[in-house]
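Engineer: The structure is given below, and queries will be raised subsequently.
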Amino acid sequence: MSIVADRLGRIKPSPTIAVSNKAKELKAAGHDIIGLGAGEPDFDTPEFVKEAAYEAIRNGQTKYTAVDGTPGLKDAIIAKFKRDNNLEYSRDQITVGTGGKQVLYNALMASVNNGDEVIIPAPYWVSYPDMVLLAEGTPVIIDCQEENNFKLTPEQLEAAITPKTKWLIFNSPSNPTGGAYSRLELKAITDVLVKHPHVYIMSDDMYEHLVYDNFEFCTPAQVEPKLYERTLTCNGVSKSYAMTGWRIGYAGGPIELIKAIAKIQSQSTSNPSSISQAAALAALEGDQSFLEQRNEVFKSRRDLVVDLINQAKGLECLKPEGAFYVYPSCSGVIGKTTPDGNIIESDGDFVTYLLESEGVACVQGKAFGLSPYFRISYATSTENLEDACRRIIRACDALKG
């Protein structure tokens, strides 16, 4: 009899973490590797945020805090939701977790019963389906096609909702595509949800501040106030504030759900790091002007990558509205033969070929639920991106057939 629980057989390790680890191992072994797999900004955490952490340590803020966040951080989150999203919450409607991932996981564990259905548009962030499976729910995957810019249509959503539907997981800007929903597009989605009062909305807004070309970000409860009582609006400091390692995520939502999340957290991790909470408070309350400056860099990187990838034979790449990812199609290289005589039969084969032939680490589209595509993260230096894209072009030129 195995010591490992049966439920672990339902899930797989994170493919994005696996790719990043593989790239690091190869680099440590002396290989010339450019990693485009990690969803992690190459910018450092802002100095004023780090100073707040130092000050917290010096002031002895090194003890346990309230399980789901300090009052001060909760107040900063409340102010952020009001300032950025015109959403009003009280402290008992706010939860703080050890990263955005824990907030999503806790919410699903606190709400999903055996057999409940959770609608997940694909391409999706790799962890959504596995978290639903761990909660004994049923992921209902909707393929969102390239011709619709990888976005969910109202008709698709309507067709997927059943009496068993518990949640729609909504992510804009998207990981992995970078696509973001305009207010008009989002209103069409929320109009469908208003008609189905048993469906809750989990809005993953982690890339809210990473939008380009004057795109206006909006979130479901902001667009349709009728959904306020059944929406969990999730966010965090990891991406926009370059604080991935600090592990602070948060959400605002219904009091009943927030209490249930706190109950789970009290029996798992307990409170997030007190130092990280102090840093997150500073991030949310401090000068936000650096966001615009960094976004200009991300935008130029996006434009560079889209331009170069579209020069590669067999690849096509849309220009997304936000985040720091692109999701090129590699359908044009499927069926071609590598210089070693191997046939490219899938996006998995293609990213393996890129890694082995040119030392470029990307993530296959299968990991995100929609093939044949692959994800490139442009959250690395412009120099690395240009070098990596030139290598990808060279790899595509070398294919035969």
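Labeling convention for the structure tokens: chains A, B, ... as they appear, residues from 1 per chain, ligands from 1 in order of appearance.
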Excluding A:Ile34 and its own-chain neighbours fewer than 5 positions away, which residues fall within 10 Å of it when counting only C-alpha atoms? Please give them as a list in words.
Structural biologist: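 Neighbouring residues, sequence-local ones excluded: Ala23, Lys24, Lys27, Leu355, Glu358, Gly359, Val360, Ala361, Cys362, Thr380, Asn384, Leu385, Asp387, Ala388 and Arg391 of chain A.
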Engineer: Write out as a PyMOL selection string which residues come within 9 Å of A:Pro320 when counting only C-alpha atoms, dropping same-chain ones fewer than 5 positions away.
Structural biologist: chain A and resi 149+173+177-180+212+302+325-327
Engineer: Report the closest atom pair, with its distance in Å rounded to one decimal, for each residue of stretch 238-343 of chain A that has an atom no farther than 7 Å from stretch 75-86 of chain A; count only C-alpha atoms, sort by chain and then rising residue number, and write it as JSON lines.
Structural biologist:
```
{"residue": "A:Leu281", "atom": "CA", "partner": "A:Ala76", "partner_atom": "CA", "distance": 6.1}
{"residue": "A:Leu284", "atom": "CA", "partner": "A:Ala76", "partner_atom": "CA", "distance": 6.3}
{"residue": "A:Glu285", "atom": "CA", "partner": "A:Ala76", "partner_atom": "CA", "distance": 6.4}
```
Engineer: Mind checking which residues fall within 12 Å of A:Gln93, counting only C-alpha atoms, ignoring those fewer than 4 positions away in the same chain, and posting them as a PDB file with C-alpha atoms, in the first residue's frame?
Structural biologist:
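Output below, filename result_35.pdb:
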```pdb
ATOM      1  CA  ASP A  68      -5.556  36.281   7.280  1.00  0.00           C
ATOM      2  CA  GLY A  69      -3.683  39.577   7.399  1.00  0.00           C
ATOM      3  CA  PRO A  71      -5.448  45.266  10.044  1.00  0.00           C
ATOM      4  CA  LYS A  74      -6.235  44.961   5.054  1.00  0.00           C
ATOM      5  CA  ASP A  75      -6.905  48.702   5.194  1.00  0.00           C
ATOM      6  CA  ILE A  77      -6.054  46.607   0.302  1.00  0.00           C
ATOM      7  CA  ILE A  78      -9.455  48.178   0.944  1.00  0.00           C
ATOM      8  CA  PHE A  81      -9.802  48.286  -4.317  1.00  0.00           C
ATOM      9  CA  LEU A  87     -15.059  48.410  -5.147  1.00  0.00           C
ATOM     10  CA  GLU A  88     -15.901  48.935  -1.484  1.00  0.00           C
ATOM     11  CA  TYR A  89     -14.995  46.297   1.110  1.00  0.00           C
ATOM     12  CA  TYR A 228     -20.574  41.955  -6.240  1.00  0.00           C
ATOM     13  CA  GLU A 229     -21.992  39.502  -3.685  1.00  0.00           C
ATOM     14  CA  ARG A 230     -20.825  36.447  -5.619  1.00  0.00           C
ATOM     15  CA  THR A 231     -17.449  37.606  -6.863  1.00  0.00           C
ATOM     16  CA  LEU A 232     -14.072  36.916  -5.279  1.00  0.00           C
ATOM     17  CA  THR A 233     -11.731  39.572  -6.658  1.00  0.00           C
ATOM     18  CA  CYS A 234      -8.181  38.221  -6.318  1.00  0.00           C
ATOM     19  CA  TYR A 250      -5.116  38.965  -1.337  1.00  0.00           C
ATOM     20  CA  ALA A 251      -8.792  39.000  -2.240  1.00  0.00           C
ATOM     21  CA  GLY A 252     -12.039  40.764  -1.498  1.00  0.00           C
ATOM     22  CA  GLY A 253     -15.340  38.919  -1.448  1.00  0.00           C
ATOM     23  CA  PRO A 254     -18.399  37.678   0.426  1.00  0.00           C
ATOM     24  CA  ILE A 255     -18.015  37.566   4.217  1.00  0.00           C
ATOM     25  CA  GLU A 256     -19.108  33.923   4.433  1.00  0.00           C
ATOM     26  CA  LEU A 257     -16.429  32.836   1.970  1.00  0.00           C
ATOM     27  CA  ILE A 258     -13.732  35.015   3.533  1.00  0.00           C
ATOM     28  CA  LYS A 259     -14.422  33.436   6.932  1.00  0.00           C
ATOM     29  CA  ALA A 260     -14.216  29.959   5.416  1.00  0.00           C
ATOM     30  CA  ILE A 261     -10.886  30.819   3.780  1.00  0.00           C
ATOM     31  CA  ALA A 262      -9.545  32.012   7.137  1.00  0.00           C
TER      32      ALA A 262
END
```
Engineer: I need the residues in stretch 35-279 of chain A that are strand (DSSP E) according to DSSP; give them as a tab-separated table (two decimals) with all heavy atoms, in the first residue's frame.
Structural biologist:
```tsv
chain	number	residue	atom	x	y	z
A	35	GLY	N	16.29	31.31	-20.41
A	35	GLY	CA	15.02	30.86	-19.87
A	35	GLY	C	13.91	31.85	-20.13
A	35	GLY	O	13.95	32.99	-19.65
A	94	ILE	N	-11.94	40.89	3.47
A	94	ILE	CA	-10.60	40.82	2.89
A	94	ILE	C	-9.83	39.64	3.48
A	94	ILE	O	-9.85	39.41	4.69
A	94	ILE	CB	-9.80	42.11	3.17
A	94	ILE	CG1	-10.50	43.34	2.59
A	94	ILE	CG2	-8.37	42.00	2.64
A	94	ILE	CD1	-10.58	43.36	1.08
A	95	THR	N	-9.16	38.90	2.60
A	95	THR	CA	-8.24	37.85	3.05
A	95	THR	C	-6.87	38.08	2.45
A	95	THR	O	-6.75	38.55	1.32
A	95	THR	CB	-8.75	36.45	2.66
A	95	THR	OG1	-7.89	35.45	3.22
A	95	THR	CG2	-8.80	36.26	1.14
A	96	VAL	N	-5.84	37.77	3.24
A	96	VAL	CA	-4.45	37.86	2.77
A	96	VAL	C	-3.82	36.48	2.90
A	96	VAL	O	-3.93	35.84	3.95
A	96	VAL	CB	-3.64	38.88	3.59
A	96	VAL	CG1	-2.21	38.97	3.06
A	96	VAL	CG2	-4.30	40.25	3.56
A	97	GLY	N	-3.19	36.02	1.84
A	97	GLY	CA	-2.59	34.69	1.85
A	97	GLY	C	-1.13	34.71	1.45
A	97	GLY	O	-0.57	35.75	1.07
A	117	GLU	N	-18.95	21.76	-10.56
A	117	GLU	CA	-18.24	22.09	-11.79
A	117	GLU	C	-17.65	23.50	-11.72
A	117	GLU	O	-18.28	24.43	-11.20
A	117	GLU	CB	-19.19	21.99	-12.99
A	117	GLU	CG	-19.68	20.58	-13.24
A	117	GLU	CD	-20.68	20.46	-14.37
A	117	GLU	OE1	-21.13	21.52	-14.88
A	117	GLU	OE2	-21.02	19.32	-14.75
A	118	VAL	N	-16.44	23.63	-12.23
A	118	VAL	CA	-15.75	24.92	-12.27
A	118	VAL	C	-15.36	25.19	-13.72
A	118	VAL	O	-14.58	24.43	-14.31
A	118	VAL	CB	-14.52	24.93	-11.36
A	118	VAL	CG1	-13.79	26.27	-11.48
A	118	VAL	CG2	-14.91	24.66	-9.91
A	119	ILE	N	-15.90	26.25	-14.29
A	119	ILE	CA	-15.62	26.59	-15.69
A	119	ILE	C	-14.27	27.30	-15.77
A	119	ILE	O	-14.02	28.27	-15.05
A	119	ILE	CB	-16.73	27.48	-16.27
A	119	ILE	CG1	-18.05	26.70	-16.32
A	119	ILE	CG2	-16.35	27.99	-17.66
A	119	ILE	CD1	-19.25	27.54	-16.74
A	120	ILE	N	-13.41	26.79	-16.65
A	120	ILE	CA	-12.06	27.35	-16.81
A	120	ILE	C	-11.82	27.58	-18.31
A	120	ILE	O	-11.67	26.62	-19.07
A	120	ILE	CB	-10.99	26.39	-16.26
A	120	ILE	CG1	-11.27	26.07	-14.78
A	120	ILE	CG2	-9.60	26.99	-16.43
A	120	ILE	CD1	-10.35	25.01	-14.20
A	121	PRO	N	-11.77	28.84	-18.75
A	121	PRO	CA	-11.42	29.10	-20.15
A	121	PRO	C	-9.97	28.71	-20.43
A	121	PRO	O	-9.08	28.96	-19.62
A	121	PRO	CB	-11.61	30.61	-20.29
A	121	PRO	CG	-12.49	31.01	-19.14
A	121	PRO	CD	-12.13	30.07	-18.03
A	122	ALA	N	-9.75	28.08	-21.57
A	122	ALA	CA	-8.39	27.72	-21.99
A	122	ALA	C	-8.00	28.55	-23.21
A	122	ALA	O	-8.84	28.79	-24.08
A	122	ALA	CB	-8.33	26.23	-22.33
A	138	THR	N	-14.96	19.31	-10.56
A	138	THR	CA	-14.81	18.89	-11.95
A	138	THR	C	-14.48	20.11	-12.81
A	138	THR	O	-15.32	21.00	-12.98
A	138	THR	CB	-16.10	18.25	-12.47
A	138	THR	OG1	-16.44	17.13	-11.65
A	138	THR	CG2	-15.94	17.80	-13.92
A	139	PRO	N	-13.26	20.19	-13.35
A	139	PRO	CA	-12.94	21.30	-14.26
A	139	PRO	C	-13.71	21.15	-15.57
A	139	PRO	O	-13.73	20.07	-16.16
A	139	PRO	CB	-11.44	21.14	-14.50
A	139	PRO	CG	-10.94	20.19	-13.45
A	139	PRO	CD	-12.10	19.31	-13.12
A	140	VAL	N	-14.34	22.21	-16.00
A	140	VAL	CA	-15.03	22.25	-17.29
A	140	VAL	C	-14.25	23.22	-18.17
A	140	VAL	O	-14.29	24.43	-17.97
A	140	VAL	CB	-16.49	22.70	-17.13
A	140	VAL	CG1	-17.17	22.81	-18.50
A	140	VAL	CG2	-17.26	21.72	-16.24
A	141	ILE	N	-13.51	22.67	-19.11
A	141	ILE	CA	-12.60	23.47	-19.91
A	141	ILE	C	-13.29	23.96	-21.19
A	141	ILE	O	-13.92	23.18	-21.90
A	141	ILE	CB	-11.34	22.66	-20.30
A	141	ILE	CG1	-10.71	22.02	-19.05
A	141	ILE	CG2	-10.35	23.54	-21.03
A	141	ILE	CD1	-10.29	22.97	-17.99
A	142	ILE	N	-13.18	25.26	-21.44
A	142	ILE	CA	-13.71	25.85	-22.67
A	142	ILE	C	-12.54	26.30	-23.53
A	142	ILE	O	-11.74	27.15	-23.10
A	142	ILE	CB	-14.63	27.05	-22.38
A	142	ILE	CG1	-15.80	26.65	-21.49
A	142	ILE	CG2	-15.15	27.64	-23.69
A	142	ILE	CD1	-16.72	27.80	-21.14
A	143	ASP	N	-12.41	25.76	-24.72
A	143	ASP	CA	-11.34	26.17	-25.63
A	143	ASP	C	-11.66	27.53	-26.24
A	143	ASP	O	-12.67	27.68	-26.95
A	143	ASP	CB	-11.16	25.14	-26.75
A	143	ASP	CG	-10.55	23.85	-26.24
A	143	ASP	OD1	-10.04	23.84	-25.11
A	143	ASP	OD2	-10.58	22.84	-26.99
A	165	THR	N	-22.72	23.96	-11.96
A	165	THR	CA	-21.65	24.96	-12.03
A	165	THR	C	-21.56	25.74	-10.73
A	165	THR	O	-22.54	26.32	-10.27
A	165	THR	CB	-21.89	25.94	-13.20
A	165	THR	OG1	-22.03	25.21	-14.42
A	165	THR	CG2	-20.72	26.91	-13.32
A	166	LYS	N	-20.36	25.79	-10.15
A	166	LYS	CA	-20.14	26.54	-8.90
A	166	LYS	C	-19.37	27.83	-9.17
A	166	LYS	O	-19.69	28.87	-8.60
A	166	LYS	CB	-19.36	25.66	-7.91
A	166	LYS	CG	-19.25	26.25	-6.49
A	166	LYS	CD	-20.61	26.29	-5.81
A	166	LYS	CE	-20.53	26.59	-4.32
A	166	LYS	NZ	-20.19	25.40	-3.51
A	167	TRP	N	-18.35	27.75	-10.00
A	167	TRP	CA	-17.47	28.89	-10.25
A	167	TRP	C	-17.19	29.05	-11.74
A	167	TRP	O	-17.15	28.08	-12.49
A	167	TRP	CB	-16.11	28.71	-9.58
A	167	TRP	CG	-16.04	28.83	-8.10
A	167	TRP	CD1	-16.03	27.83	-7.18
A	167	TRP	CD2	-15.90	30.05	-7.34
A	167	TRP	NE1	-15.90	28.33	-5.90
A	167	TRP	CE2	-15.82	29.69	-5.97
A	167	TRP	CE3	-15.83	31.41	-7.68
A	167	TRP	CZ2	-15.68	30.64	-4.95
A	167	TRP	CZ3	-15.69	32.36	-6.67
A	167	TRP	CH2	-15.62	31.96	-5.33
A	168	LEU	N	-16.93	30.29	-12.13
A	168	LEU	CA	-16.18	30.61	-13.35
A	168	LEU	C	-14.87	31.22	-12.87
A	168	LEU	O	-14.88	32.18	-12.10
A	168	LEU	CB	-16.93	31.62	-14.22
A	168	LEU	CG	-16.07	32.33	-15.29
A	168	LEU	CD1	-15.61	31.35	-16.36
A	168	LEU	CD2	-16.81	33.52	-15.89
A	169	ILE	N	-13.73	30.66	-13.31
A	169	ILE	CA	-12.44	31.28	-13.04
A	169	ILE	C	-12.10	32.18	-14.22
A	169	ILE	O	-12.02	31.72	-15.36
A	169	ILE	CB	-11.34	30.24	-12.81
A	169	ILE	CG1	-11.67	29.36	-11.59
A	169	ILE	CG2	-10.00	30.93	-12.60
A	169	ILE	CD1	-10.62	28.32	-11.27
A	170	PHE	N	-11.92	33.45	-13.92
A	170	PHE	CA	-11.72	34.47	-14.96
A	170	PHE	C	-10.38	35.15	-14.74
A	170	PHE	O	-10.08	35.60	-13.64
A	170	PHE	CB	-12.87	35.49	-14.88
A	170	PHE	CG	-12.80	36.57	-15.93
A	170	PHE	CD1	-13.25	36.32	-17.22
A	170	PHE	CD2	-12.29	37.82	-15.63
A	170	PHE	CE1	-13.18	37.31	-18.20
A	170	PHE	CE2	-12.22	38.81	-16.59
A	170	PHE	CZ	-12.66	38.56	-17.87
A	171	ASN	N	-9.58	35.25	-15.79
A	171	ASN	CA	-8.22	35.79	-15.67
A	171	ASN	C	-7.96	36.79	-16.79
A	171	ASN	O	-7.92	36.42	-17.95
A	171	ASN	CB	-7.21	34.64	-15.71
A	171	ASN	CG	-5.77	35.09	-15.66
A	171	ASN	OD1	-4.91	34.51	-16.31
A	171	ASN	ND2	-5.46	36.12	-14.90
A	200	TYR	N	-20.65	31.48	-9.07
A	200	TYR	CA	-19.76	32.46	-8.46
A	200	TYR	C	-18.60	32.76	-9.42
A	200	TYR	O	-18.26	31.94	-10.27
A	200	TYR	CB	-19.21	31.95	-7.13
A	200	TYR	CG	-20.27	31.91	-6.04
A	200	TYR	CD1	-21.19	30.87	-5.98
A	200	TYR	CD2	-20.36	32.93	-5.10
A	200	TYR	CE1	-22.17	30.84	-5.00
A	200	TYR	CE2	-21.33	32.91	-4.11
A	200	TYR	CZ	-22.24	31.87	-4.07
A	200	TYR	OH	-23.21	31.86	-3.11
A	201	ILE	N	-18.00	33.93	-9.26
A	201	ILE	CA	-16.94	34.38	-10.16
A	201	ILE	C	-15.66	34.57	-9.37
A	201	ILE	O	-15.63	35.32	-8.39
A	201	ILE	CB	-17.32	35.69	-10.87
A	201	ILE	CG1	-18.62	35.55	-11.64
A	201	ILE	CG2	-16.19	36.13	-11.82
A	201	ILE	CD1	-19.85	35.94	-10.85
A	202	MET	N	-14.62	33.87	-9.78
A	202	MET	CA	-13.29	34.02	-9.20
A	202	MET	C	-12.46	34.79	-10.21
A	202	MET	O	-12.05	34.24	-11.23
A	202	MET	CB	-12.67	32.66	-8.89
A	202	MET	CG	-11.34	32.74	-8.17
A	202	MET	SD	-10.70	31.08	-7.78
A	202	MET	CE	-11.89	30.52	-6.56
A	203	SER	N	-12.23	36.07	-9.94
A	203	SER	CA	-11.53	36.93	-10.89
A	203	SER	C	-10.07	37.06	-10.46
A	203	SER	O	-9.77	37.67	-9.43
A	203	SER	CB	-12.19	38.31	-10.96
A	203	SER	OG	-11.58	39.10	-11.95
A	204	ASP	N	-9.18	36.51	-11.25
A	204	ASP	CA	-7.75	36.54	-10.97
A	204	ASP	C	-7.16	37.74	-11.70
A	204	ASP	O	-6.90	37.70	-12.90
A	204	ASP	CB	-7.11	35.23	-11.44
A	204	ASP	CG	-5.62	35.16	-11.13
A	204	ASP	OD1	-5.06	36.17	-10.67
A	204	ASP	OD2	-5.03	34.09	-11.34
A	231	THR	N	-18.74	37.50	-6.20
A	231	THR	CA	-17.45	37.61	-6.86
A	231	THR	C	-16.32	37.66	-5.83
A	231	THR	O	-16.40	38.42	-4.87
A	231	THR	CB	-17.37	38.87	-7.75
A	231	THR	OG1	-18.39	38.81	-8.75
A	231	THR	CG2	-16.02	38.97	-8.44
A	232	LEU	N	-15.31	36.84	-6.05
A	232	LEU	CA	-14.07	36.92	-5.28
A	232	LEU	C	-13.05	37.58	-6.19
A	232	LEU	O	-12.62	37.00	-7.19
A	232	LEU	CB	-13.59	35.53	-4.85
A	232	LEU	CG	-12.36	35.53	-3.93
A	232	LEU	CD1	-12.73	36.08	-2.54
A	232	LEU	CD2	-11.78	34.13	-3.80
A	233	THR	N	-12.68	38.81	-5.85
A	233	THR	CA	-11.73	39.57	-6.66
A	233	THR	C	-10.34	39.38	-6.08
A	233	THR	O	-10.04	39.84	-4.97
A	233	THR	CB	-12.11	41.06	-6.68
A	233	THR	OG1	-13.45	41.21	-7.17
A	233	THR	CG2	-11.16	41.84	-7.59
A	234	CYS	N	-9.49	38.67	-6.82
A	234	CYS	CA	-8.18	38.22	-6.32
A	234	CYS	C	-7.06	39.03	-6.96
A	234	CYS	O	-7.12	39.36	-8.15
A	234	CYS	CB	-7.97	36.74	-6.63
A	234	CYS	SG	-9.31	35.67	-6.07
A	235	ASN	N	-6.03	39.29	-6.17
A	235	ASN	CA	-4.90	40.06	-6.67
A	235	ASN	C	-3.68	39.76	-5.80
A	235	ASN	O	-3.71	38.85	-4.98
A	235	ASN	CB	-5.24	41.55	-6.68
A	235	ASN	CG	-4.58	42.29	-7.82
A	235	ASN	OD1	-3.39	42.13	-8.07
A	235	ASN	ND2	-5.35	43.13	-8.52
A	236	GLY	N	-2.61	40.53	-5.98
A	236	GLY	CA	-1.41	40.31	-5.20
A	236	GLY	C	-0.33	41.28	-5.61
A	236	GLY	O	-0.52	42.09	-6.52
A	249	GLY	N	-0.57	37.45	-1.50
A	249	GLY	CA	-1.74	37.62	-2.35
A	249	GLY	C	-2.91	38.03	-1.49
A	249	GLY	O	-2.87	37.90	-0.26
A	250	TYR	N	-3.96	38.52	-2.12
A	250	TYR	CA	-5.12	38.97	-1.34
A	250	TYR	C	-6.38	38.89	-2.19
A	250	TYR	O	-6.31	38.74	-3.42
A	250	TYR	CB	-4.90	40.38	-0.79
A	250	TYR	CG	-4.66	41.44	-1.85
A	250	TYR	CD1	-5.71	42.06	-2.52
A	250	TYR	CD2	-3.35	41.83	-2.17
A	250	TYR	CE1	-5.48	43.02	-3.48
A	250	TYR	CE2	-3.11	42.80	-3.14
A	250	TYR	CZ	-4.19	43.40	-3.79
A	250	TYR	OH	-3.97	44.35	-4.74
A	251	ALA	N	-7.52	39.02	-1.53
A	251	ALA	CA	-8.79	39.00	-2.24
A	251	ALA	C	-9.85	39.71	-1.42
A	251	ALA	O	-9.76	39.79	-0.18
A	251	ALA	CB	-9.24	37.58	-2.54
A	252	GLY	N	-10.85	40.21	-2.13
A	252	GLY	CA	-12.04	40.76	-1.50
A	252	GLY	C	-13.26	40.00	-1.97
A	252	GLY	O	-13.36	39.66	-3.16
```
Engineer: Return as a PyMOL selection string the full set of residues in stretch 171-394 of chain A whose backbone-based DSSP assignment is helix (DSSP H, G or I).
Structural biologist: chain A and resi 183-194+220-223+225-230+244-246+255-266+274-285+289-309+331-333+347-358+365-368+382-394
Engineer: With only C-alpha atoms as the atoms that count, which of A:Asn214, A:Ser111, A:Ser276, A:Ser240 lies nearest to A:Ile264?
Structural biologist: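 Checking each of A:Asn214, A:Ser111, A:Ser276, A:Ser240 against A:Ile264, counting only C-alpha atoms, the winner is A:Ser111.
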Engineer: Using only C-alpha atoms, can you tell me which of A:Val192, A:Leu370, A:Ser172, A:Glu386 comes closest to A:Glu155?
Structural biologist: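 The shortest atom-to-atom distance to A:Glu155 comes from A:Val192.
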Engineer: Pick the closest to A:Phe290 from A:Lys400, A:His209, A:Arg394, A:His198: which is it, counting only C-alpha atoms?
Structural biologist: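 Among A:Lys400, A:His209, A:Arg394, A:His198, it is A:His209 that comes nearest to A:Phe290.
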Engineer: Compare A:Leu134, A:Ala29, A:Ala188, A:Leu291 by their minimum atom-to-atom distance to A:Lys12, counting only C-alpha atoms, and give me the closest one.
Structural biologist: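 For A:Lys12, the nearest of the given residues is A:Leu134.
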Engineer: Do you know which residues are at most 12 Å from A:Asp44 counting only C-alpha atoms, after dropping those on the same chain fewer than 3 positions away, and could you put them as a ChimeraX atom specification?
Structural biologist: /A:40-41,47-50,238-246,290,294,379-380
Engineer: Selection from above, N, CA and C atoms, as a PDB file, in the first residue's frame, can you write it?
Structural biologist:
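Done, and the output landed in out-v4.pdb:
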```pdb
ATOM      1  N   GLU A  40       8.166  35.736 -13.984  1.00  0.00           N
ATOM      2  CA  GLU A  40       8.755  36.498 -12.887  1.00  0.00           C
ATOM      3  C   GLU A  40       9.495  37.708 -13.436  1.00  0.00           C
ATOM      4  N   PRO A  41       9.096  38.921 -13.044  1.00  0.00           N
ATOM      5  CA  PRO A  41       9.771  40.112 -13.549  1.00  0.00           C
ATOM      6  C   PRO A  41      11.261  40.100 -13.203  1.00  0.00           C
ATOM      7  N   GLU A  47      12.898  50.002  -3.954  1.00  0.00           N
ATOM      8  CA  GLU A  47      13.681  50.268  -2.749  1.00  0.00           C
ATOM      9  C   GLU A  47      12.805  50.664  -1.565  1.00  0.00           C
ATOM     10  N   PHE A  48      11.760  51.464  -1.809  1.00  0.00           N
ATOM     11  CA  PHE A  48      10.937  51.902  -0.685  1.00  0.00           C
ATOM     12  C   PHE A  48      10.188  50.732  -0.055  1.00  0.00           C
ATOM     13  N   VAL A  49       9.914  49.694  -0.843  1.00  0.00           N
ATOM     14  CA  VAL A  49       9.266  48.499  -0.305  1.00  0.00           C
ATOM     15  C   VAL A  49      10.257  47.716   0.555  1.00  0.00           C
ATOM     16  N   LYS A  50      11.486  47.576   0.064  1.00  0.00           N
ATOM     17  CA  LYS A  50      12.506  46.879   0.852  1.00  0.00           C
ATOM     18  C   LYS A  50      12.807  47.630   2.160  1.00  0.00           C
ATOM     19  N   SER A 238       2.881  40.234  -6.388  1.00  0.00           N
ATOM     20  CA  SER A 238       3.987  39.493  -7.007  1.00  0.00           C
ATOM     21  C   SER A 238       4.459  40.080  -8.330  1.00  0.00           C
ATOM     22  N   LYS A 239       3.541  40.332  -9.246  1.00  0.00           N
ATOM     23  CA  LYS A 239       3.932  40.669 -10.615  1.00  0.00           C
ATOM     24  C   LYS A 239       4.170  42.164 -10.792  1.00  0.00           C
ATOM     25  N   SER A 240       3.174  42.981 -10.477  1.00  0.00           N
ATOM     26  CA  SER A 240       3.305  44.415 -10.705  1.00  0.00           C
ATOM     27  C   SER A 240       4.428  45.025  -9.891  1.00  0.00           C
ATOM     28  N   TYR A 241       4.593  44.562  -8.651  1.00  0.00           N
ATOM     29  CA  TYR A 241       5.578  45.155  -7.750  1.00  0.00           C
ATOM     30  C   TYR A 241       6.883  44.357  -7.682  1.00  0.00           C
ATOM     31  N   ALA A 242       7.020  43.349  -8.564  1.00  0.00           N
ATOM     32  CA  ALA A 242       8.237  42.519  -8.600  1.00  0.00           C
ATOM     33  C   ALA A 242       8.540  41.952  -7.220  1.00  0.00           C
ATOM     34  N   MET A 243       7.542  41.311  -6.625  1.00  0.00           N
ATOM     35  CA  MET A 243       7.662  40.770  -5.267  1.00  0.00           C
ATOM     36  C   MET A 243       7.288  39.291  -5.226  1.00  0.00           C
ATOM     37  N   THR A 244       7.699  38.550  -6.250  1.00  0.00           N
ATOM     38  CA  THR A 244       7.293  37.138  -6.337  1.00  0.00           C
ATOM     39  C   THR A 244       7.717  36.348  -5.100  1.00  0.00           C
ATOM     40  N   GLY A 245       8.928  36.580  -4.618  1.00  0.00           N
ATOM     41  CA  GLY A 245       9.431  35.807  -3.481  1.00  0.00           C
ATOM     42  C   GLY A 245       8.874  36.225  -2.138  1.00  0.00           C
ATOM     43  N   TRP A 246       8.221  37.363  -2.082  1.00  0.00           N
ATOM     44  CA  TRP A 246       7.656  37.832  -0.809  1.00  0.00           C
ATOM     45  C   TRP A 246       6.381  37.066  -0.446  1.00  0.00           C
ATOM     46  N   PHE A 290       6.464  54.263 -10.512  1.00  0.00           N
ATOM     47  CA  PHE A 290       7.412  53.324 -11.128  1.00  0.00           C
ATOM     48  C   PHE A 290       6.700  52.301 -12.007  1.00  0.00           C
ATOM     49  N   ARG A 294       8.104  51.041 -15.645  1.00  0.00           N
ATOM     50  CA  ARG A 294       8.420  49.640 -15.955  1.00  0.00           C
ATOM     51  C   ARG A 294       7.550  49.119 -17.087  1.00  0.00           C
ATOM     52  N   ALA A 379       9.569  38.635 -19.465  1.00  0.00           N
ATOM     53  CA  ALA A 379       9.977  39.268 -18.215  1.00  0.00           C
ATOM     54  C   ALA A 379      11.460  39.030 -17.959  1.00  0.00           C
ATOM     55  N   THR A 380      12.253  39.290 -18.976  1.00  0.00           N
ATOM     56  CA  THR A 380      13.709  39.179 -18.856  1.00  0.00           C
ATOM     57  C   THR A 380      14.321  40.293 -19.684  1.00  0.00           C
TER      58      THR A 380
END
```
Engineer: Quick one: of A:Gly332, A:Gly37, A:Gly72, A:Pro197, who's nearest to A:Gln364, counting only C-alpha atoms?
Structural biologist: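 Checking each candidate against A:Gln364, we get A:Gly37 as the closest.
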Engineer: Do you have the atom CA of A:Tyr54-atom CA of A:Ala280 distance handy?
Structural biologist: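 Rounded to one decimal, the two atoms are 12.6 Å apart.
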Engineer: Let me make sure I understand: among A:Leu133, A:Met1, A:Leu210, A:Ile11, which one has the smallest atom-to-atom distance to A:Gln293 if we use only C-alpha atoms?
Structural biologist: A:Leu210
Engineer: Would you pick out the contacts of A:Asp191 at 10 Å or less, using only C-alpha atoms, so that residues sharing its chain but fewer than 6 positions from it are not included, and give the list as a PyMOL selection string?
Structural biologist: chain A and resi 154+223-224+226-227
Engineer: One decimal, Å: what's the distance from atom CA of A:Ala110 over to atom CA of A:Asp92, could you say?
Structural biologist: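 For atom CA of A:Ala110 relative to atom CA of A:Asp92, the distance reads 16.1 Å.
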